[in-house]
$ cat run.cif   # mmCIF, C-alpha atoms
data_query
#
loop_
_atom_site.group_PDB
_atom_site.id
_atom_site.type_symbol
_atom_site.label_atom_id
_atom_site.label_comp_id
_atom_site.auth_asym_id
_atom_site.auth_seq_id
_atom_site.Cartn_x
_atom_site.Cartn_y
_atom_site.Cartn_z
ATOM 1 C CA MET A 1 -13.985 6.993 31.493
ATOM 2 C CA ALA A 2 -13.830 3.468 30.034
ATOM 3 C CA THR A 3 -14.048 3.050 26.276
ATOM 4 C CA THR A 4 -15.875 0.220 24.542
ATOM 5 C CA MET A 5 -13.769 -1.376 21.827
ATOM 6 C CA THR A 6 -14.514 -4.375 19.634
ATOM 7 C CA ALA A 7 -12.143 -7.251 19.022
ATOM 8 C CA ALA A 8 -11.821 -6.136 15.406
ATOM 9 C CA SER A 9 -10.823 -2.556 16.323
ATOM 10 C CA LEU A 10 -8.347 -3.876 18.905
ATOM 11 C CA ALA A 11 -6.864 -6.209 16.297
ATOM 12 C CA ASP A 12 -6.474 -3.227 13.935
ATOM 13 C CA SER A 13 -4.697 -1.288 16.684
ATOM 14 C CA GLY A 14 -2.390 -4.228 17.265
ATOM 15 C CA LYS A 15 -1.422 -4.408 13.599
ATOM 16 C CA GLN A 16 -0.729 -0.676 13.504
ATOM 17 C CA ILE A 17 1.441 -0.912 16.622
ATOM 18 C CA VAL A 18 3.490 -3.774 15.169
ATOM 19 C CA LYS A 19 3.928 -1.948 11.845
ATOM 20 C CA ALA A 20 5.005 1.265 13.562
ATOM 21 C CA ALA A 21 7.470 -0.550 15.818
ATOM 22 C CA GLU A 22 8.991 -2.608 13.013
ATOM 23 C CA GLY A 23 9.060 0.417 10.714
ATOM 24 C CA GLY A 24 11.152 2.449 13.148
ATOM 25 C CA ASP A 25 8.547 5.120 13.741
ATOM 26 C CA PRO A 26 9.361 7.721 16.424
ATOM 27 C CA PRO A 27 8.300 7.130 20.059
ATOM 28 C CA SER A 28 5.625 9.821 19.717
ATOM 29 C CA THR A 29 3.833 7.683 17.120
ATOM 30 C CA LEU A 30 3.902 4.603 19.349
ATOM 31 C CA LEU A 31 2.647 6.606 22.319
ATOM 32 C CA SER A 32 -0.207 8.026 20.231
ATOM 33 C CA LEU A 33 -1.217 4.483 19.238
ATOM 34 C CA LEU A 34 -1.088 3.292 22.859
ATOM 35 C CA GLN A 35 -3.018 6.243 24.267
ATOM 36 C CA PRO A 36 -6.543 5.093 23.243
ATOM 37 C CA LEU A 37 -5.874 1.708 24.842
ATOM 38 C CA THR A 38 -5.445 3.250 28.293
ATOM 39 C CA LYS A 39 -9.203 3.903 28.402
ATOM 40 C CA PHE A 40 -10.085 0.382 27.327
ATOM 41 C CA THR A 41 -11.369 -2.076 29.931
ATOM 42 C CA ALA A 42 -10.045 -5.525 29.060
ATOM 43 C CA THR A 43 -12.001 -8.757 29.162
ATOM 44 C CA GLU A 44 -10.784 -12.292 28.695
ATOM 45 C CA ASP A 45 -12.670 -12.772 25.429
ATOM 46 C CA LEU A 46 -11.429 -9.517 23.873
ATOM 47 C CA LEU A 47 -7.819 -10.297 24.737
ATOM 48 C CA ARG A 48 -8.113 -13.787 23.302
ATOM 49 C CA GLN A 49 -9.771 -12.716 20.060
ATOM 50 C CA SER A 50 -7.795 -9.548 19.288
ATOM 51 C CA LYS A 51 -4.279 -10.625 20.422
ATOM 52 C CA ILE A 52 -3.681 -7.008 21.368
ATOM 53 C CA GLY A 53 -1.680 -8.105 24.406
ATOM 54 C CA ILE A 54 0.970 -9.755 22.241
ATOM 55 C CA ALA A 55 1.443 -6.570 20.194
ATOM 56 C CA VAL A 56 1.695 -4.330 23.258
ATOM 57 C CA ASN A 57 3.992 -6.729 25.093
ATOM 58 C CA LYS A 58 6.659 -6.337 22.399
ATOM 59 C CA LEU A 59 6.901 -2.652 23.302
ATOM 60 C CA ARG A 60 7.925 -3.403 26.889
ATOM 61 C CA GLN A 61 11.460 -3.837 25.584
ATOM 62 C CA ASN A 62 11.382 -0.669 23.491
ATOM 63 C CA LYS A 63 14.475 1.524 23.681
ATOM 64 C CA ASP A 64 12.389 4.553 24.570
ATOM 65 C CA PRO A 65 11.634 4.458 28.337
ATOM 66 C CA LYS A 66 8.284 6.222 27.961
ATOM 67 C CA VAL A 67 7.062 3.686 25.414
ATOM 68 C CA ALA A 68 8.282 0.762 27.501
ATOM 69 C CA GLN A 69 6.652 2.189 30.638
ATOM 70 C CA GLN A 70 3.331 2.826 28.903
ATOM 71 C CA ALA A 71 3.270 -0.722 27.515
ATOM 72 C CA SER A 72 4.026 -2.232 30.941
ATOM 73 C CA GLN A 73 1.299 -0.150 32.579
ATOM 74 C CA LEU A 74 -1.216 -1.333 29.999
ATOM 75 C CA ILE A 75 -0.351 -4.993 30.553
ATOM 76 C CA ASN A 76 -0.677 -4.618 34.320
ATOM 77 C CA LYS A 77 -3.975 -2.763 33.946
ATOM 78 C CA TRP A 78 -5.423 -5.474 31.732
ATOM 79 C CA LYS A 79 -4.480 -8.147 34.273
ATOM 80 C CA ILE A 80 -6.430 -6.255 36.912
ATOM 81 C CA ASP A 81 -9.352 -5.737 34.524
ATOM 82 C CA VAL A 82 -9.633 -9.452 33.810
ATOM 83 C CA LYS A 83 -9.398 -10.422 37.494
ATOM 84 C CA GLY A 84 -11.976 -7.785 38.421
ATOM 85 C CA SER A 85 -14.326 -9.035 35.712
ATOM 86 C CA ALA A 86 -14.040 -12.606 37.012
ATOM 87 C CA LYS A 87 -14.753 -11.533 40.622
ATOM 88 C CA HIS A 88 -17.749 -9.513 39.490
ATOM 89 C CA LYS A 89 -19.172 -12.664 37.881
ATOM 90 C CA GLY A 90 -18.614 -14.553 41.127
ATOM 91 C CA SER A 91 -16.103 -17.012 39.722
ATOM 92 C CA SER A 92 -12.369 -17.338 39.348
ATOM 93 C CA PRO A 93 -10.739 -16.698 35.992
ATOM 94 C CA ALA A 94 -10.680 -19.667 33.673
ATOM 95 C CA PRO A 95 -7.286 -21.360 33.282
ATOM 96 C CA GLY A 96 -7.013 -19.860 29.815
ATOM 97 C CA THR A 97 -7.274 -16.323 31.217
ATOM 98 C CA ALA A 98 -3.756 -16.411 32.571
ATOM 99 C CA ARG A 99 -2.516 -17.256 29.119
ATOM 100 C CA ALA A 100 -4.683 -14.592 27.465
ATOM 101 C CA VAL A 101 -3.008 -11.871 29.496
ATOM 102 C CA GLY A 102 0.174 -13.877 30.051
ATOM 103 C CA ALA A 103 0.838 -13.879 26.332
ATOM 104 C CA ALA A 104 1.595 -10.210 26.876
ATOM 105 C CA ALA A 105 2.979 -10.381 30.422
ATOM 106 C CA HIS A 106 5.533 -13.087 29.690
ATOM 107 C CA GLY A 107 6.125 -12.563 25.982
ATOM 108 C CA ALA A 108 4.521 -15.839 24.941
ATOM 109 C CA SER A 109 4.669 -16.220 21.200
ATOM 110 C CA ARG A 110 1.855 -18.722 21.060
ATOM 111 C CA ASP A 111 -1.661 -17.630 20.259
ATOM 112 C CA ALA A 112 -3.840 -17.088 23.317
ATOM 113 C CA THR A 113 -6.391 -19.409 21.733
ATOM 114 C CA SER A 114 -3.882 -22.143 20.895
ATOM 115 C CA SER A 115 -5.583 -24.612 23.239
ATOM 116 C CA PRO A 116 -9.055 -24.557 24.769
ATOM 117 C CA ALA A 117 -9.688 -23.994 28.470
ATOM 118 C CA PRO A 118 -10.979 -27.140 30.194
ATOM 119 C CA LYS A 119 -14.071 -26.973 32.359
ATOM 120 C CA ALA A 120 -14.248 -28.395 35.879
ATOM 121 C CA ASP A 121 -16.149 -31.435 34.635
ATOM 122 C CA GLY A 122 -13.411 -32.258 32.179
ATOM 123 C CA ILE A 123 -15.391 -31.249 29.096
ATOM 124 C CA VAL A 124 -13.326 -29.205 26.670
ATOM 125 C CA LYS A 125 -14.690 -25.724 26.086
ATOM 126 C CA LYS A 126 -14.624 -24.593 22.488
ATOM 127 C CA GLU A 127 -13.196 -21.117 22.049
ATOM 128 C CA PRO A 128 -15.270 -18.580 20.105
ATOM 129 C CA ALA A 129 -14.082 -17.994 16.575
ATOM 130 C CA ALA A 130 -12.264 -14.744 15.881
ATOM 131 C CA PRO A 131 -14.612 -12.127 14.441
ATOM 132 C CA ALA A 132 -14.526 -11.519 10.719
ATOM 133 C CA ALA A 133 -12.788 -8.354 9.599
ATOM 134 C CA ARG A 134 -15.131 -5.380 9.272
ATOM 135 C CA LYS A 135 -16.303 -4.774 5.729
ATOM 136 C CA SER A 136 -16.690 -1.432 3.995
ATOM 137 C CA LYS A 137 -20.182 0.081 4.205
ATOM 138 C CA VAL A 138 -19.999 1.886 0.859
ATOM 139 C CA PRO A 139 -19.946 0.658 -2.763
ATOM 140 C CA PRO A 140 -16.437 -0.276 -4.028
ATOM 141 C CA GLU A 141 -16.313 2.661 -6.453
ATOM 142 C CA LYS A 142 -16.963 5.153 -3.624
ATOM 143 C CA ARG A 143 -14.439 3.807 -1.147
ATOM 144 C CA ASP A 144 -11.828 6.015 0.511
ATOM 145 C CA PHE A 145 -10.440 6.214 4.036
ATOM 146 C CA LYS A 146 -13.111 8.680 5.161
ATOM 147 C CA ALA A 147 -16.002 6.608 3.860
ATOM 148 C CA ASP A 148 -14.464 3.497 5.418
ATOM 149 C CA GLU A 149 -14.012 5.364 8.725
ATOM 150 C CA VAL A 150 -10.320 4.485 8.903
ATOM 151 C CA ASN A 151 -7.821 6.360 11.042
ATOM 152 C CA THR A 152 -4.794 7.329 8.936
ATOM 153 C CA ALA A 153 -3.058 9.387 11.660
ATOM 154 C CA LEU A 154 -0.450 6.695 12.222
ATOM 155 C CA THR A 155 2.614 8.931 12.442
ATOM 156 C CA ALA A 156 3.497 12.196 14.130
ATOM 157 C CA ASP A 157 3.812 13.911 10.721
ATOM 158 C CA PRO A 158 0.580 15.253 9.130
ATOM 159 C CA ALA A 159 2.158 15.101 5.658
ATOM 160 C CA ARG A 160 2.910 11.403 6.023
ATOM 161 C CA ASN A 161 -0.572 10.727 7.389
ATOM 162 C CA ALA A 162 -2.083 12.465 4.352
ATOM 163 C CA CYS A 163 0.047 10.274 2.087
ATOM 164 C CA ILE A 164 -1.109 7.130 3.910
ATOM 165 C CA GLY A 165 -4.669 8.246 3.210
ATOM 166 C CA LEU A 166 -3.919 8.839 -0.468
ATOM 167 C CA ILE A 167 -2.428 5.367 -0.917
ATOM 168 C CA TYR A 168 -5.403 3.892 0.976
ATOM 169 C CA ASN A 169 -7.776 5.605 -1.468
ATOM 170 C CA GLY A 170 -5.917 4.146 -4.433
ATOM 171 C CA LEU A 171 -5.849 0.622 -3.007
ATOM 172 C CA ALA A 172 -9.477 0.627 -1.850
ATOM 173 C CA TYR A 173 -10.887 1.812 -5.185
ATOM 174 C CA LEU A 174 -13.175 -0.889 -6.641
ATOM 175 C CA SER A 175 -11.918 -3.311 -3.972
ATOM 176 C CA THR A 176 -13.853 -5.473 -1.507
ATOM 177 C CA VAL A 177 -10.849 -6.059 0.770
ATOM 178 C CA PRO A 178 -11.631 -5.192 4.441
ATOM 179 C CA PRO A 179 -10.467 -1.734 5.628
ATOM 180 C CA SER A 180 -8.118 -3.263 8.225
ATOM 181 C CA ASN A 181 -6.195 -5.067 5.472
ATOM 182 C CA VAL A 182 -6.097 -2.031 3.197
ATOM 183 C CA ILE A 183 -4.733 0.326 5.876
ATOM 184 C CA THR A 184 -2.019 -2.186 6.777
ATOM 185 C CA ILE A 185 -0.775 -2.311 3.180
ATOM 186 C CA ALA A 186 -1.160 1.456 2.723
ATOM 187 C CA ARG A 187 0.986 2.005 5.817
ATOM 188 C CA SER A 188 3.661 -0.352 4.458
ATOM 189 C CA VAL A 189 3.751 1.402 1.080
ATOM 190 C CA GLU A 190 4.047 4.870 2.632
ATOM 191 C CA LEU A 191 6.811 3.680 4.961
ATOM 192 C CA ALA A 192 8.750 2.124 2.070
ATOM 193 C CA CYS A 193 8.436 5.368 0.090
ATOM 194 C CA TYR A 194 9.470 7.442 3.106
ATOM 195 C CA GLU A 195 12.571 5.313 3.638
ATOM 196 C CA SER A 196 13.502 5.351 -0.057
ATOM 197 C CA HIS A 197 13.532 9.173 0.124
ATOM 198 C CA LYS A 198 15.918 9.214 3.093
ATOM 199 C CA GLN A 199 13.124 9.674 5.642
ATOM 200 C CA ASP A 200 12.265 13.097 4.285
ATOM 201 C CA THR A 201 8.843 14.329 3.178
ATOM 202 C CA SER A 202 10.406 16.172 0.264
ATOM 203 C CA ALA A 203 8.734 17.256 -2.952
ATOM 204 C CA ALA A 204 10.094 14.099 -4.606
ATOM 205 C CA TYR A 205 8.536 11.918 -1.885
ATOM 206 C CA LYS A 206 5.128 13.576 -2.329
ATOM 207 C CA GLN A 207 5.342 13.362 -6.113
ATOM 208 C CA LYS A 208 6.114 9.635 -5.878
ATOM 209 C CA ILE A 209 3.107 9.087 -3.604
ATOM 210 C CA ARG A 210 0.869 10.942 -6.085
ATOM 211 C CA SER A 211 2.238 8.863 -8.965
ATOM 212 C CA LEU A 212 1.588 5.607 -7.100
ATOM 213 C CA PHE A 213 -1.945 6.750 -6.258
ATOM 214 C CA GLN A 214 -2.717 7.680 -9.870
ATOM 215 C CA ASN A 215 -1.514 4.307 -11.138
ATOM 216 C CA LEU A 216 -3.485 2.439 -8.480
ATOM 217 C CA LYS A 217 -6.715 4.271 -9.246
ATOM 218 C CA MET A 218 -6.333 4.101 -13.011
ATOM 219 C CA LYS A 219 -9.201 2.261 -14.670
ATOM 220 C CA GLY A 220 -8.109 -1.066 -16.055
ATOM 221 C CA ASN A 221 -5.293 -1.406 -13.528
ATOM 222 C CA GLU A 222 -7.134 -3.851 -11.263
ATOM 223 C CA GLY A 223 -4.224 -6.274 -11.531
ATOM 224 C CA LEU A 224 -1.811 -3.823 -9.921
ATOM 225 C CA ARG A 225 -4.182 -3.042 -7.044
ATOM 226 C CA ARG A 226 -4.837 -6.723 -6.448
ATOM 227 C CA ASP A 227 -1.164 -7.702 -6.503
ATOM 228 C CA VAL A 228 -0.196 -4.948 -4.050
ATOM 229 C CA LEU A 229 -3.072 -5.777 -1.673
ATOM 230 C CA GLU A 230 -2.237 -9.495 -1.796
ATOM 231 C CA GLU A 231 1.468 -8.624 -1.354
ATOM 232 C CA LYS A 232 2.416 -10.422 -4.551
ATOM 233 C CA ILE A 233 4.117 -7.101 -5.173
ATOM 234 C CA GLY A 234 5.842 -6.067 -1.943
ATOM 235 C CA ALA A 235 5.808 -2.473 -0.718
ATOM 236 C CA LYS A 236 9.514 -1.875 -1.420
ATOM 237 C CA ARG A 237 9.281 -3.269 -4.919
ATOM 238 C CA PHE A 238 6.101 -1.299 -5.604
ATOM 239 C CA VAL A 239 7.628 2.091 -4.775
ATOM 240 C CA ASN A 240 10.622 1.327 -7.001
ATOM 241 C CA MET A 241 8.710 0.138 -10.064
ATOM 242 C CA THR A 242 9.242 2.100 -13.278
ATOM 243 C CA SER A 243 6.411 3.979 -14.966
ATOM 244 C CA ASP A 244 6.265 1.249 -17.617
ATOM 245 C CA GLU A 245 6.020 -1.506 -14.963
ATOM 246 C CA LEU A 246 3.175 0.336 -13.241
ATOM 247 C CA LYS A 247 1.065 0.379 -16.411
ATOM 248 C CA SER A 248 -1.714 -2.115 -16.925
ATOM 249 C CA GLN A 249 -1.235 -4.817 -19.553
ATOM 250 C CA GLU A 250 -3.891 -3.153 -21.698
ATOM 251 C CA LYS A 251 -2.135 0.236 -21.500
ATOM 252 C CA ARG A 252 1.194 -1.388 -22.331
ATOM 253 C CA GLU A 253 -0.225 -3.053 -25.436
ATOM 254 C CA LEU A 254 -1.916 0.182 -26.489
ATOM 255 C CA ASP A 255 1.332 2.136 -26.152
ATOM 256 C CA GLU A 256 3.227 -0.493 -28.142
ATOM 257 C CA ALA A 257 0.633 -0.407 -30.927
ATOM 258 C CA LEU A 258 0.771 3.394 -31.007
ATOM 259 C CA GLU A 259 4.561 3.341 -31.167
ATOM 260 C CA LYS A 260 4.487 0.916 -34.107
ATOM 261 C CA GLU A 261 1.921 3.082 -35.903
ATOM 262 C CA ASN A 262 4.011 6.218 -35.410
ATOM 263 C CA MET A 263 7.103 4.390 -36.660
ATOM 264 C CA SER A 264 5.216 3.175 -39.728
ATOM 265 C CA LYS A 265 3.983 6.696 -40.512
ATOM 266 C CA ALA A 266 7.493 8.080 -40.108
ATOM 267 C CA MET A 267 8.961 5.508 -42.523
ATOM 268 C CA THR A 268 6.205 6.139 -45.103
ATOM 269 C CA ALA A 269 6.809 9.876 -44.938
ATOM 270 C CA GLN A 270 10.527 9.375 -45.564
ATOM 271 C CA GLU A 271 9.874 7.155 -48.613
ATOM 272 C CA GLU A 272 7.417 9.653 -50.131
ATOM 273 C CA LYS A 273 9.881 12.468 -49.591
ATOM 274 C CA ALA A 274 12.655 10.507 -51.331
ATOM 275 C CA ILE A 275 10.451 9.753 -54.356
ATOM 276 C CA SER A 276 9.286 13.359 -54.611
ATOM 277 C CA THR A 277 12.853 14.642 -54.515
ATOM 278 C CA THR A 278 13.883 12.296 -57.335
ATOM 279 C CA GLN A 279 10.961 13.293 -59.581
ATOM 280 C CA ASN A 280 11.756 16.975 -59.284
ATOM 281 C CA LEU A 281 15.388 16.649 -60.398
ATOM 282 C CA THR A 282 16.297 18.910 -63.398
ATOM 283 C CA PHE A 283 19.259 18.542 -65.718
ATOM 284 C CA PRO A 284 21.109 21.386 -67.495
ATOM 285 C CA ARG A 285 20.181 21.923 -71.174
ATOM 286 C CA ILE A 286 22.961 21.256 -73.695
ATOM 287 C CA PRO A 287 23.240 24.076 -76.237
ATOM 288 C CA GLN A 288 22.334 23.107 -79.810
ATOM 289 C CA THR A 289 25.449 24.899 -81.101
ATOM 290 C CA LEU A 290 27.592 22.367 -79.291
ATOM 291 C CA PHE A 291 26.220 19.600 -81.557
ATOM 292 C CA GLU A 292 26.436 21.774 -84.718
ATOM 293 C CA SER A 293 30.093 22.653 -84.145
ATOM 294 C CA HIS A 294 31.057 18.976 -83.996
ATOM 295 C CA THR A 295 28.974 17.502 -86.800
ATOM 296 C CA ASP A 296 32.081 16.812 -88.795
ATOM 297 C CA LEU A 297 33.119 14.266 -86.228
ATOM 298 C CA LEU A 298 29.925 12.319 -86.813
ATOM 299 C CA GLN A 299 30.453 12.034 -90.597
ATOM 300 C CA VAL A 300 31.941 8.872 -92.003
#

$ encode --input "run.cif" --output "structure tokens"
Amino acid sequence: MATTMTAASLADSGKQIVKAAEGGDPPSTLLSLLQPLTKFTATEDLLRQSKIGIAVNKLRQNKDPKVAQQASQLINKWKIDVKGSAKHKGSSPAPGTARAVGAAAHGASRDATSSPAPKADGIVKKEPAAPAARKSKVPPEKRDFKADEVNTALTADPARNACIGLIYNGLAYLSTVPPSNVITIARSVELACYESHKQDTSAAYKQKIRSLFQNLKMKGNEGLRRDVLEEKIGAKRFVNMTSDELKSQEKRELDEALEKENMSKAMTAQEEKAISTTQNLTFPRIPQTLFESHTDLLQV
């Protein structure tokens, strides 16, 4: 049964496929990302707008034969879909159609919409603009991956998928960035953390993910969330930042002020103790007989 997919959802799938392939995810993850696309009936417009063909085409050279075969089958299917759609309309595919699917079939690196398709009368046809990224439907303070209806099952490991969701929740908090952008960054952060822990979902890996989440969702730390989402702070750098670097500027200043106050109190306590010790000093009493026995020495 054919599945209806929007250009935006196809574009999201393409980004996830590229991230998984570049991140060295196992073949099972790539196959799970390709599976929903087998039920998708391609059209010229959807291929042009989403660029999904370019993402899938890169997998035709994958080292895993199953992944490569699945990608090739998808490309061939989409060619047939587009031709069938054109015949159903009673016309031949526009010249740009070959490039829309050919971007995947022949590995073209150029955008499928790089030049408009000319009409028979010589008038240049303007391509439709790519659809805007889907926005969150909930208030910024209530955003998480469930509310945003985002699929976080991007790996074959449930623990890693849960961690992707946790990072997503931290990044999306009080943010207006589209879900497709947030999940892309969340995936990058989780992958960087996974690699820094020797590709093991150990207790240390999970603790690091929790720490990153807590710092992202901390009130007053909007700057950190913004910089990670805008990639001013890259994923690898982010997962290796110290606890002090992860703090907001306000928290840093507060901690410094508190440290100075504690130091001042400690110094004052030491001074008071020194004065008190000096005031309580006692000296031995000199016997009166000692003076009486030597009075002759004081006489002139």

$ closest_residue --input "run.cif" --among "A:Lys15, A:Lys135, A:Lys265, A:Lys217" --to "Thr176 (chain A)" --atoms "all atoms listed in the file"
A:Lys135

$ atom_distance --input "run.cif" --atom1 "CA of Leu216 (chain A)" --atom2 "CA of Gly170 (chain A)"
5.0 Å

$ atom_distance --input "run.cif" --atom1 "CA of Val138 (chain A)" --atom2 "CA of Gly165 (chain A)"
16.8 Å

$ atom_distance --input "run.cif" --atom1 "CA of Thr155 (chain A)" --atom2 "CA of Glu222 (chain A)"
28.6 Å

$ residues_near_point --input "run.cif" --point "(-4.7, -1.8, 5.1)" --cutoff "10 Å" --atoms "only C-alpha atoms" --output "PyMOL selection string"
chain A and resi 12+15-16+145+150+152+164+167-168+171-172+177-189+229

$ residues_around --input "run.cif" --residues "Ala68 (chain A)" --least-positions-apart "4" --cutoff "12 Å" --atoms "only C-alpha atoms" --output "list in words"
Ala21, Pro27, Leu30, Leu31, Leu34, Val56, Asn57, Lys58, Leu59, Arg60, Gln61, Asn62, Lys63, Asp64, Ser72, Gln73, Leu74 and Ile75 of chain A

$ resolve_selection --input "run.cif" --expression "the PyMOL selection byres ((chain A and resi 208) around 10)" --output "MDAnalysis selection string"
chainID A and resid 190 193:194 197 202:207 209:214 239:240

$ resolve_selection --input "run.cif" --expression "the PyMOL selection byres ((chain A and resi 11) around 9)" --output "list in words"
Thr6, Ala7, Ala8, Ser9, Leu10, Asp12, Ser13, Gly14, Lys15, Gln16, Gln49, Ser50, Lys51, Ile52 and Ser180 of chain A

$ closest_residue --input "run.cif" --among "A:Ala153, A:Ala55, A:Met267, A:Cys163" --to "Ala192 (chain A)" --atoms "all atoms listed in the file"
A:Cys163

$ decode --input "run.cif" --residues "region 26-39 of chain A" --atoms "N, CA and C atoms" --output "mmCIF file, in the first residue's frame"
data_model
loop_
_atom_site.group_PDB
_atom_site.id
_atom_site.type_symbol
_atom_site.label_atom_id
_atom_site.label_comp_id
_atom_site.auth_asym_id
_atom_site.auth_seq_id
_atom_site.Cartn_x
_atom_site.Cartn_y
_atom_site.Cartn_z
ATOM 1 N N PRO A 26 25.373 1.264 12.014
ATOM 2 C CA PRO A 26 25.329 -0.085 11.450
ATOM 3 C C PRO A 26 24.332 -0.181 10.295
ATOM 4 N N PRO A 27 24.507 -1.170 9.415
ATOM 5 C CA PRO A 27 23.604 -1.356 8.271
ATOM 6 C C PRO A 27 22.135 -1.467 8.683
ATOM 7 N N SER A 28 21.879 -2.063 9.851
ATOM 8 C CA SER A 28 20.498 -2.221 10.301
ATOM 9 C C SER A 28 19.809 -0.870 10.470
ATOM 10 N N THR A 29 20.565 0.143 10.910
ATOM 11 C CA THR A 29 19.995 1.478 11.072
ATOM 12 C C THR A 29 19.641 2.081 9.720
ATOM 13 N N LEU A 30 20.548 1.930 8.758
ATOM 14 C CA LEU A 30 20.301 2.464 7.412
ATOM 15 C C LEU A 30 19.110 1.767 6.767
ATOM 16 N N LEU A 31 19.016 0.469 6.950
ATOM 17 C CA LEU A 31 17.896 -0.282 6.372
ATOM 18 C C LEU A 31 16.569 0.150 7.001
ATOM 19 N N SER A 32 16.600 0.433 8.312
ATOM 20 C CA SER A 32 15.370 0.857 8.988
ATOM 21 C C SER A 32 14.925 2.239 8.509
ATOM 22 N N LEU A 33 15.894 3.089 8.128
ATOM 23 C CA LEU A 33 15.566 4.406 7.602
ATOM 24 C C LEU A 33 15.055 4.331 6.166
ATOM 25 N N LEU A 34 15.536 3.339 5.417
ATOM 26 C CA LEU A 34 15.111 3.174 4.022
ATOM 27 C C LEU A 34 13.752 2.486 3.903
ATOM 28 N N GLN A 35 13.425 1.665 4.893
ATOM 29 C CA GLN A 35 12.212 0.854 4.816
ATOM 30 C C GLN A 35 10.939 1.658 4.547
ATOM 31 N N PRO A 36 10.691 2.765 5.280
ATOM 32 C CA PRO A 36 9.452 3.526 5.027
ATOM 33 C C PRO A 36 9.366 4.094 3.615
ATOM 34 N N LEU A 37 10.530 4.295 2.987
ATOM 35 C CA LEU A 37 10.551 4.889 1.651
ATOM 36 C C LEU A 37 10.114 3.906 0.569
ATOM 37 N N THR A 38 10.132 2.619 0.888
ATOM 38 C CA THR A 38 9.724 1.621 -0.111
ATOM 39 C C THR A 38 8.227 1.702 -0.407
ATOM 40 N N LYS A 39 7.459 2.278 0.522
ATOM 41 C CA LYS A 39 6.013 2.388 0.339
ATOM 42 C C LYS A 39 5.598 3.762 -0.197
#
